[in-house]
Structure formats: C-alpha cells, structure tokens
There are 2 protein chains.
Amino acid sequence: MIDPTPYPVSGAWRPGDDPGRRRFLTIAADRPFALDHGGRLHDVAIAYETWGELDATGSNAVLVCHAWTGDSHLAGPAGRGHPTPGWWEGVVGPALPIDTERHFVVCANVLGGCQGSTGPASIDPETGRPYGSAFPMITIRDMVRAQARLADHLGVERWLSVLGGSMGGMQVLEWAITYPERVQSIVPIATCAQATAQQIAWGAIGRRAIRLDPRWRGGDYYEASPGDGPHEGLAIARMVAQVTFRSDNAFSDRFGRELAEHEHDEPGLWQRFEVERYLDHHGVKLVRRFDANSYLVIGKAMDLHDVGKGRGGLESGIARIRVPTLVLGINSDILYPIYQQRQIHQLLARNGTPTELVEIDSPHGHDAFLINVDQVAEAVGVFLDEVAKRR
Amino acid sequence: MIDPTPYPVSGAWRPGDDPGRRRFLTIAADRPFALDHGGRLHDVAIAYETWGELDATGSNAVLVCHAWTGDSHLAGPAGRGHPTPGWWEGVVGPALPIDTERHFVVCANVLGGCQGSTGPASIDPETGRPYGSAFPMITIRDMVRAQARLADHLGVERWLSVLGGSMGGMQVLEWAITYPERVQSIVPIATCAQATAQQIAWGAIGRRAIRLDPRWRGGDYYEASPGDGPHEGLAIARMVAQVTFRSDNAFSDRFGRELAEHEHDEPGLWQRFEVERYLDHHGVKLVRRFDANSYLVIGKAMDLHDVGKGRGGLESGIARIRVPTLVLGINSDILYPIYQQRQIHQLLARNGTPTELVEIDSPHGHDAFLINVDQVAEAVGVFLDEVAKRR
C-alpha cells in the first residue's frame with residue numbers, strides 16, 4: 001500500500017527553502033513565456049545546476065537533458081533539495097567523459113517539472129494559488145526554448161554538446177533542429193524521433209490511472225488536504241512505466257516467481273509476488289518525490305513529441321540536424337526499441353550528416369542508459385574528444 | 001469515457017434466462033467442489049456448449065479451452081446468452097480442422113467466469129447473495145478439474161485432443177499432466193509452462209487499477225447499485241492487457257500518430273490519439289460483457305500458473321506430459337514470447353514425448369491465434385489427422 005508521506009511539491013519552491021545545489025533563473029515577468037499550444041506562463045522559474053567553469057572562449061559548455069521524472073541533479077549525493085543522488089554518476093564527474101574539471105556542465109529541471117522549475121504545483125502569479133488543472137499544455141520544444149533562455153543567462157552561445165536519454169533525447173533532437181547555430185554536436189540516447197502508438201498507449205494508461213484516483217480531484221488537489229494527492233493512481237502509472245523501462249529477461253532473472261509475502265500468509269488476490277513488491281517500491285518512491293500533475297503534463301509532452309510536426313514530416317525534421325551526432329540505443333529496450341535509434345542514424349547518414357550509432361549490449365532494457373554507465377561513458381568519451389578536436 | 005450500460009452479470013444466470021446455445025452442469029450439492037487453495041464451492045455450475053455428436057467408440061471428442069475473457073461460444077453468431085460471436089470461427093466449424101460434422105466439440109466457460117459458470121457474481125447458496133469478495137481463490141488446475149466433471153457428465157472418457165490459446169493453453173498443459181489417461185493429444189498455443197515476472201507484473205497493474213476504482217467497493221459492488229461497478233478500473237486493466245495482446249508494429253501500422261478528435265478541438269491532456277480511442281473502445285466493450293471480479297480472480301489464477309508447482313519444478317512437471325503435442329507460438333508475441341513455446345517443445349523433446357513446434361508468422365502479436373486463423377487451422381488440421389490415424 002502507498003505510504004502517506006507527503007511528496008515534496010518543490011515546484012512551489014520559494015526563497016527561504018533550501019535550494020541544495022540548485023540555482024534559479026526567473027524569466028522576466030514582462031516577457032511572458034509563450035507556449036506551442038497557445039498558453040502563456042508568467043514568471044517562469046527554471047531550476048538548474050552547474051559543474052565546472054565556462055572557459056574564456058565559451059567552448060566547453062555541455063548541456064545534459066533529463067528524462068520524465070528526472071531533475072537537475074546529475075551528480076552528487078541526495079540531500080535537501082535533491083531527493084535522489086545524482087542520476088548519471090559514472091558519466092559526469094572529475095576525469096569522466098563529461099568532465100566537471102574540463103567542461104562547464106549544465107542540467108536544468110524541465111518546464112512543467114516539480115523539482116524547482118515552474119510546473120502545475122507552482123503558484124500561478126495571477127491567482128496566488130497553485131496552477132493545478134489550469135496549468136497549460138507544454139511540449140518538448142517549450143522545454144528546449146526555456147533552456148535556451150537559461151543558456152543566454154549563463155552566457156553560453158553554443159554548446160559543445162547536448163546529451164540526454166529517453167525524454168532527454170527528445171530535447172536533444174529539438175535543440176539541434178531549433179537552434180542549429182547553438183549546438184556543436186548532439187548525443188540522443190534510447191529515444192525516438194516521434195512517439196509511436198505503443199508509447200502513446202503506455203502513457204495514456206498511466207494518465208487514466210491518475211485520473212481514476214479520487215484524490216486527483218480533477219487536478220486541483222494541492223489545497224484540498226496538503227500533502228494528500230493521487231498517490232495510488234501515480235503509483236500505478238509508475239508501475240506501467242517501470243515494466244516498460246526494464247525487460248522480460250531482467251525481471252525473470254531478478255524476481256522469477258518468488259512470493260514477497262511469507263509462505264504461511266493466506267494466499268489471496270493481494271498476496272504479492274516479488275516483482276509486485278518491487279513495482280510497489282518504485283511506485284512509493286516516486287510518489288514521495290514527484291507530483292502527479294507534473295507526471296501528466298510531461299508525459300503528454302512526450303506523446304506529442306514529433307520532430308516532423310510543422311516541418312514537413314519526420315524525414316524533413318531529421319534533415320534539419322546538421323551537426324555531428326552520436327546515437328546510442330539499447331538492444332533490450334522494449335519502450336524505445338533499437339529500430340528507432342537506427343532510424344535516426346540512417347536518416348542522418350542519408351543526408352550526409354556525420355553520425356555514429358552505438359548499440360549498448362545490456363539485459364536491462366530502457367534503463368540501461370542509467371545502469372550500464374560504463375558503456376555509455378566509453379562511447380560518449382570517444383565522441384566528445386573527437387568533437388573537441390574538430391573545433 | 002465509459003458507457004454506463006450495465007454489464008451482464010451472467011454468472012448469476014438462472015433458469016428462465018435465455019441460455020442461448022449453452023447448457024449447464026451443476027456439480028451436485030452433496031459433493032462440494034474442493035479448491036487448490038483450500039476453499040470449497042457448493043452447487044458449482046459449469047456452462048458449456050457442444051457441437052456435433054460423440055461417436056459410438058467415444059473417440060471423436062475435442063475439448064477447446066478459452067482464454068481470460070473468453071467463453072463457451074466457440075462458433076456461431078452473437079445473441080442472447082452470447083454477447084460476442086464465436087471466438088474461433090475459421091478453426092471450428094463444418095469441414096474445418098475442428099470439424100463439427102466429424103468431431104464432438106466441447107467448450108466450457110471456466111470456473112470463476114461470468115458467462116454462465118460459477119464465479120464471483122453468482123449467488124452463494126449459503127448466503128443467498130452474490131459471492132463478491134467472498135469468492136475463493138481458484139487455479140488453472142481447479143478449472144481443469146471442473147472440466148473433468150463435465151467430461152464425466154458428457155460420457156467422454158478420453159479427449160482426442162485438448163486445445164487452447166493463452167490461458168486456454170495453460171489448461172491444456174494441466175489436462176495432460178492431471179489426467180494423462182484421458183487425453184490422447186494436446187495443442188497448447190501462445191502460452192507458457194509458468195507465468196513469468198513480467199506477465200505477473202502486467203496482471204498486478206490491472207488488479208491495482210480495479211481496486212483503485214471507488215465503485216469496486218472491496219469487491220462487493222453487485223448489490224450497492226445494480227449494473228454499477230468498477231467500469232473505469234476494469235477498462236484501464238483491459239487497456240494494459242490490450243497493448244500486450246498486440247505488437248508495436250501492428251499499432252504503428254494501424255494507428256500511427258493520428259488524433260482521434262478533430263483538429264480544431266482544444267489540445268489538452270485528454271485529447272486522444274487514435275490508439276487511445278481504440279483502447280477505450282476495447283475497454284468499453286469488455287465492461288459491457290465482463291465482470292470485474294471475474295477478471296481479478298481469473299487473472300490471479302494465470303499469475304499462479306506453474307506446471308512445476310508441487311511436482312518438483314518446471315522440468316518435472318513438463319516431463320509428466322507423454323502424449324503427442326503440437327506447440328504453437330507467434331513470432332511477434334510480446335506477452336507470451338516465442339521462447340516460452342520453444343521451451344515447452346524442447347523439454348518435451350528431451351523426454352522423448354512426440355512434439356512439434358509451429359511458429360505462426362504474424363505482425364499481430366499474442367492475439368494472432370484469434371486473427372491468423374488460417375495458419376492455426378492448417379497446423380491443427382494436419383496434427384489432428386495424424387493423431388486420429390494413430391489410434
């Protein structure tokens with residue numbers, strides 16, 4: 001069952017709260033942030049972290065884009081303001097491929113998120129109350145435009161590279177298309193050029209589970225009972241995602257058919273197998289650190305992801321990418337199957353864009369980009385060295 | 001949104017209701033039906049249909065076992081007592097491989113079901129009220145033992161063959177193990193010898209969605225408001241299943257990224273893609289014909305399925321199968337992947353049991369055993385002819 005511990009609604013972060021390593025850019029109130037689907041946001045806050053220093057020529061800046069429930073905390077321990085340890089330890093750090101001693105590394109919580117950036121749990125300056133159901137639709141392109149404002153703020157004219165896995169990879173592709181002059185290279189990982197029907201289906205099921213939870217209250221649950229919310233619906237949505245993040249073989253090897261409850265327990269509908277306990281555990285963990293409305297809004301942005309939209313279709317969209325690209329895929333990924341990364345690579349190659357495809361050999365499925373960091377680090381290291389030499 | 005049309009709680013069928021083609025066996029009240037997990041049921045009803053006649057030597061009887069939400073209506077139009085048309089048209093019928101002119105064909109609604117056999121929506125004779133949450137745990141083996149009572153009733157000493165796909169295939173395996181002397185051959189299709197962690201995970205997610213629906217009421221929703229029930233939770237559970245029943249490619253080809261709602265509709269969280277409309281449609285269809293508690297009870301029976309349980313493990317369980325076996329698998333099945341059928345075939349072959357593996361080539365995923373009936377029929381036809389010759 002879901003632990004009733006209140007999750008941190010840190011999208012509602014305010015001065016005085018412990019920011020951890022995070023800093024905040026507020027996009028000026030006199031310039032409302034216009035969104036793809038017609039909404040406008042005022043006083044947009046973007047929470048971000050940086051490592052290292054921008055060099056005199058501005059040539060060493062690296063942007064990392066996070067996935068669905070990720071945040072700006074790429075590296076470093078958990079703590080106040082950082083509910084989880086760095087999510088890409090082993091790839092980012094001193095003397096690692098994304099080298100915090102050589103590079104100026106930046107990671108920002110996405111627009112719509114709940115780890116410091118403006119999202120549904122934030123206070124709407126027009127009403128003084130949380131956005132909730134009034135939060136507008138956002139897209140991957142909106143997230144990227146907000147990051148471009150951050151680049152302006154940080155004095156980064158051009159990224160040495162933009163990298164990211166899963167939804168992070170969607171942002172990576174949009175960076176290269178929207179701001180070709182501001183990107184020297186890209187590394188999209190375990191991602192796709194457009195969401196497929198099956199990916200949309202998994203997303204839709206999660207959304208429906210959250211909507212079914214009576215504590216969702218149409219999206220306006222923040223003030224009804226502080227700390228309360230659609231925990232069970234969010235946990236179920238996360239269970240769906242978690243199965244797609246891993247693989248059949250990995251589950252069989254790890255859990256098999258073991259029961260989680262003791263043998264003497266009464267067998268019944270709710271007696272759990274180990275795999276169910278594992279999924280519950282991940283559901284509870286997410287509920288503690290993540291806001292259900294952010295989950296909905298960001299998930300929908302992924303379903304809407306299509307680099308070809310408004311650009312004459314998929315092939316024309318990809319054709320706008322002209323910078324050296326390292327495409328990483330995972331051979332056991334059931335959510336973003338390897339054919340999708342091969343497709344990106346092949347379309348780039350057809351247009352003469354320098355591109356390389358590396359297939360990570362792992363039993364862990366989609367999450368391998370967070371687990372098999374040695375393989376990711378090796379490929380990224382070689383690629384970034386080559387990119388730096390070409391300058 | 002879910003249509004509020006009441007679903008037929010036909011597990012609560014009573015004399016006077018239109019039985020359609022169905023007949024009913026009631027297992028005598030003085031002999032309570034003992035269940036694997038310790039429960040007992042009284043006055044168990046098994047709804048069944050037959051086609052053709054048992055011949056004088058009793059050598060032409062064929063049993064077909066249905067899947068999760070299936071029923072006894074193998075062939076023939078929909079109508080009262082039969083909410084859907086025959087689910088295996090093209091395999092079963094005059095001059096077809098399962099030949100209603102040559103064979104005596106039997107199909108029974110499983111124990112725990114809601115299409116005439118005793119299930120959670122049936123009246124508990126001890127209380128005079130629907131079982132609801134009081135319905136005991138059942139297993140695939142319980143379903144098979146109930147079918148054996150039906151075989152006794154019909155005068156079938158030995159089946160020429162027992163066939164079935166998905167959960168039907170689980171029953172097929174248990175038939176050959178539990179009653180080796182009553183089975184001359186078997187055809188397990190798109191099934192497994194034991195449920196894997198991933199299969200259990202999908203089942204668990206569906207159960208949680210039903211439990212989250214406030215109208216589930218802990219399982220006792222029949223009398224609260226007749227016709228009402230956890231429609232949305234069941235629809236979400238079905239959405240999960242439906243994605244696993246098909247394939248990534250089939251979804252992409254059929255739905256792509258088309259929107260279901262008109263272009264001028266306001267984009268928003270609940271604006272649906274075509275694939276979502278399709279899943280909704282299947283959810284609504286199931287809600288109209290199926291009971292949520294049956295879905296829970298039968299789904300749990302599948303998760304508990306393990307031919308090795310209490311028999312010294314998987315290999316020892318399979319080793320008890322000594323009759324000629326045709327194993328059918330589907331190369332695009334993501335729910336019961338082809339490796340599971342290869343495993344059954346290989347274990348049988350190792351023990352010297354006559355076995356043949358046919359891999360259906362289809363883009364449709366698990367449901368191909370209901371869609372690509374030509375390939376199924378061809379393999380089954382050849383096999384049954386050989387089995388009949390061997391007598």
# chains A, B, ... in the order shown; residues from 1 in each chain; ligands from 1

call {"tool": "closest_atom_pairs", "arguments": {"of": "chain A", "to": "chain B", "cutoff": "7 Å", "atoms": "only C-alpha atoms", "output": "tab-separated table"}}
result
residue	atom	partner	partner_atom	distance
A:Met137	CA	B:Gly268	CA	6.1
A:Thr196	CA	B:Ser252	CA	6.2
A:Ala197	CA	B:Ser252	CA	5.5
A:Gln198	CA	B:Asp248	CA	5.6
A:Ala201	CA	B:Glu276	CA	6.2
A:Ala204	CA	B:Glu276	CA	6.7
A:Ile205	CA	B:Ile236	CA	6.4
A:Arg208	CA	B:Ile236	CA	7.0
A:Ala209	CA	B:Ala209	CA	6.5
A:Leu212	CA	B:Asp213	CA	6.5
A:Asp213	CA	B:Leu212	CA	6.5
A:Ile236	CA	B:Ile205	CA	6.4
A:Met239	CA	B:Ile205	CA	6.8
A:Val240	CA	B:Ile205	CA	6.9
A:Asp248	CA	B:Gln198	CA	5.6
A:Phe251	CA	B:Ala197	CA	5.6
A:Ser252	CA	B:Ala197	CA	5.5
A:Phe255	CA	B:Ala197	CA	6.3
A:Gly256	CA	B:Ala197	CA	5.5
A:Arg257	CA	B:Ala197	CA	6.1
A:Gly268	CA	B:Met137	CA	6.2
A:Leu269	CA	B:Lys300	CA	6.5
A:Val275	CA	B:Ala197	CA	5.9
A:Glu276	CA	B:Ala201	CA	6.2
A:Lys300	CA	B:Leu269	CA	6.5

call {"tool": "write_last_selection", "arguments": {"atoms": "C-alpha atoms", "output": "mmCIF file, in the first residue's frame"}}
result
data_model
loop_
_atom_site.group_PDB
_atom_site.id
_atom_site.type_symbol
_atom_site.label_atom_id
_atom_site.label_comp_id
_atom_site.auth_asym_id
_atom_site.auth_seq_id
_atom_site.Cartn_x
_atom_site.Cartn_y
_atom_site.Cartn_z
ATOM 1 C CA MET A 137 -0.128 22.116 -22.212
ATOM 2 C CA THR A 196 4.788 5.618 -31.580
ATOM 3 C CA ALA A 197 1.254 4.409 -30.987
ATOM 4 C CA GLN A 198 2.516 1.858 -28.457
ATOM 5 C CA ALA A 201 -0.713 3.787 -25.305
ATOM 6 C CA ALA A 204 -2.416 7.042 -21.831
ATOM 7 C CA ILE A 205 -2.880 4.133 -19.417
ATOM 8 C CA ARG A 208 -6.108 7.225 -16.881
ATOM 9 C CA ALA A 209 -4.944 5.613 -13.622
ATOM 10 C CA LEU A 212 -9.282 7.468 -11.701
ATOM 11 C CA ASP A 213 -7.797 8.240 -8.276
ATOM 12 C CA ILE A 236 0.003 2.565 -10.778
ATOM 13 C CA MET A 239 4.239 0.584 -12.318
ATOM 14 C CA VAL A 240 3.273 0.623 -16.002
ATOM 15 C CA ASP A 248 11.382 -9.651 -19.590
ATOM 16 C CA PHE A 251 12.623 -9.446 -14.473
ATOM 17 C CA SER A 252 12.820 -13.240 -14.750
ATOM 18 C CA PHE A 255 12.371 -11.955 -9.435
ATOM 19 C CA GLY A 256 11.307 -15.201 -11.078
ATOM 20 C CA ARG A 257 8.131 -16.402 -9.377
ATOM 21 C CA GLY A 268 -5.286 -14.401 -1.888
ATOM 22 C CA LEU A 269 -5.804 -11.805 -4.565
ATOM 23 C CA VAL A 275 8.006 -8.469 -8.788
ATOM 24 C CA GLU A 276 4.902 -6.791 -7.381
ATOM 25 C CA LYS A 300 1.674 14.204 -22.559
#

call {"tool": "residues_around", "arguments": {"residues": "B:Asp43", "least_positions_apart": "2", "cutoff": "10 Å", "atoms": "only C-alpha atoms", "output": "count of residues only"}}
result
16

call {"tool": "atom_distance", "arguments": {"atom1": "atom CA of A:Met302", "atom2": "atom CA of A:Gly365"}}
result
18.8 Å

call {"tool": "atom_distance", "arguments": {"atom1": "atom CA of A:Leu259", "atom2": "atom CA of B:Ile298"}}
result
18.5 Å

call {"tool": "residues_around", "arguments": {"residues": "B:Gly308", "least_positions_apart": "2", "cutoff": "10 Å", "atoms": "only C-alpha atoms", "output": "list in words"}}
result
Ala193, Gln194, His305, Asp306, Gly310, Arg311, Gly312, Gly313, Leu314, Glu315, Ser316, Gly317, Ile318, Ala319 and Arg320 of chain B

call {"tool": "write_last_selection", "arguments": {"atoms": "C-alpha atoms", "output": "PDB file, in the first residue's frame"}}
result
ATOM      1  CA  ALA B 193       4.593 -23.506 -18.595  1.00  0.00           C
ATOM      2  CA  GLN B 194       4.752 -20.953 -15.801  1.00  0.00           C
ATOM      3  CA  HIS B 305       0.058 -20.875 -13.137  1.00  0.00           C
ATOM      4  CA  ASP B 306       3.113 -23.100 -12.815  1.00  0.00           C
ATOM      5  CA  GLY B 310       4.162 -29.324  -6.168  1.00  0.00           C
ATOM      6  CA  ARG B 311       5.688 -31.540  -8.869  1.00  0.00           C
ATOM      7  CA  GLY B 312       9.396 -30.956  -8.313  1.00  0.00           C
ATOM      8  CA  GLY B 313       9.725 -27.979 -10.599  1.00  0.00           C
ATOM      9  CA  LEU B 314       9.178 -26.966 -14.182  1.00  0.00           C
ATOM     10  CA  GLU B 315      11.091 -29.762 -15.891  1.00  0.00           C
ATOM     11  CA  SER B 316       9.488 -32.495 -13.797  1.00  0.00           C
ATOM     12  CA  GLY B 317       6.074 -31.009 -14.464  1.00  0.00           C
ATOM     13  CA  ILE B 318       6.578 -30.956 -18.226  1.00  0.00           C
ATOM     14  CA  ALA B 319       8.064 -34.477 -18.056  1.00  0.00           C
ATOM     15  CA  ARG B 320       4.639 -35.759 -17.000  1.00  0.00           C
TER      16      ARG B 320
END

call {"tool": "residues_around", "arguments": {"residues": "A:Gln147", "least_positions_apart": "6", "cutoff": "9 Å", "atoms": "only C-alpha atoms", "output": "list in words"}}
result
Ile46, Ala108, Val110 and Leu111 of chain A

call {"tool": "write_last_selection", "arguments": {"atoms": "N, CA, C and O atoms", "output": "PDB file, in the first residue's frame"}}
result
ATOM      1  N   ILE A  46      13.236  28.478 -13.804  1.00  0.00           N
ATOM      2  CA  ILE A  46      13.951  27.284 -14.260  1.00  0.00           C
ATOM      3  C   ILE A  46      15.028  26.983 -13.220  1.00  0.00           C
ATOM      4  O   ILE A  46      15.926  27.806 -12.994  1.00  0.00           O
ATOM      5  N   ALA A 108      19.172  21.338 -16.268  1.00  0.00           N
ATOM      6  CA  ALA A 108      18.026  22.109 -15.754  1.00  0.00           C
ATOM      7  C   ALA A 108      16.812  21.215 -15.608  1.00  0.00           C
ATOM      8  O   ALA A 108      16.560  20.348 -16.439  1.00  0.00           O
ATOM      9  N   VAL A 110      13.126  20.399 -16.186  1.00  0.00           N
ATOM     10  CA  VAL A 110      12.316  20.838 -17.329  1.00  0.00           C
ATOM     11  C   VAL A 110      11.128  21.699 -16.895  1.00  0.00           C
ATOM     12  O   VAL A 110      10.613  21.563 -15.782  1.00  0.00           O
ATOM     13  N   LEU A 111      10.714  22.539 -17.814  1.00  0.00           N
ATOM     14  CA  LEU A 111       9.454  23.259 -17.656  1.00  0.00           C
ATOM     15  C   LEU A 111       8.334  22.233 -17.457  1.00  0.00           C
ATOM     16  O   LEU A 111       8.288  21.230 -18.169  1.00  0.00           O
TER      17      LEU A 111
END

call {"tool": "atom_distance", "arguments": {"atom1": "atom CA of B:Tyr221", "atom2": "atom CA of B:Asp291"}}
result
10.6 Å

call {"tool": "select_by_dssp", "arguments": {"residues": "stretch 51-228 of chain A", "states": "strand (DSSP E)", "output": "MDAnalysis selection string"}}
result
chainID A and resid 51 61:65 92:93 98:99 104:108 123:124 129:130 161:165 186:189

call {"tool": "write_last_selection", "arguments": {"atoms": "C-alpha atoms", "output": "PDB file, in the first residue's frame"}}
result
ATOM      1  CA  TRP A  51      29.527  21.973 -12.536  1.00  0.00           C
ATOM      2  CA  ALA A  61      29.762  24.034 -22.250  1.00  0.00           C
ATOM      3  CA  VAL A  62      27.834  20.750 -22.136  1.00  0.00           C
ATOM      4  CA  LEU A  63      24.085  20.532 -21.587  1.00  0.00           C
ATOM      5  CA  VAL A  64      22.509  17.368 -20.232  1.00  0.00           C
ATOM      6  CA  CYS A  65      18.727  16.930 -20.544  1.00  0.00           C
ATOM      7  CA  VAL A  92      29.520  13.001 -15.179  1.00  0.00           C
ATOM      8  CA  GLY A  93      32.314  13.898 -12.754  1.00  0.00           C
ATOM      9  CA  ILE A  98      31.540  14.629 -19.113  1.00  0.00           C
ATOM     10  CA  ASP A  99      34.387  16.082 -17.110  1.00  0.00           C
ATOM     11  CA  PHE A 104      31.066  23.574 -17.928  1.00  0.00           C
ATOM     12  CA  VAL A 105      28.231  21.121 -17.298  1.00  0.00           C
ATOM     13  CA  VAL A 106      24.626  22.321 -17.053  1.00  0.00           C
ATOM     14  CA  CYS A 107      21.420  20.455 -16.251  1.00  0.00           C
ATOM     15  CA  ALA A 108      18.026  22.109 -15.754  1.00  0.00           C
ATOM     16  CA  ILE A 123       1.912  29.268  -7.646  1.00  0.00           C
ATOM     17  CA  ASP A 124       0.136  30.970 -10.523  1.00  0.00           C
ATOM     18  CA  ARG A 129      -2.800  29.685  -5.895  1.00  0.00           C
ATOM     19  CA  PRO A 130      -1.255  26.543  -7.400  1.00  0.00           C
ATOM     20  CA  SER A 161      27.373  19.033 -26.933  1.00  0.00           C
ATOM     21  CA  VAL A 162      23.794  18.439 -25.830  1.00  0.00           C
ATOM     22  CA  LEU A 163      23.136  14.970 -24.430  1.00  0.00           C
ATOM     23  CA  GLY A 164      20.223  13.090 -22.936  1.00  0.00           C
ATOM     24  CA  GLY A 165      18.385   9.775 -22.737  1.00  0.00           C
ATOM     25  CA  ILE A 186      24.434  16.023 -30.011  1.00  0.00           C
ATOM     26  CA  VAL A 187      24.050  12.664 -28.270  1.00  0.00           C
ATOM     27  CA  PRO A 188      20.440  11.382 -28.323  1.00  0.00           C
ATOM     28  CA  ILE A 189      20.179   8.163 -26.270  1.00  0.00           C
TER      29      ILE A 189
END
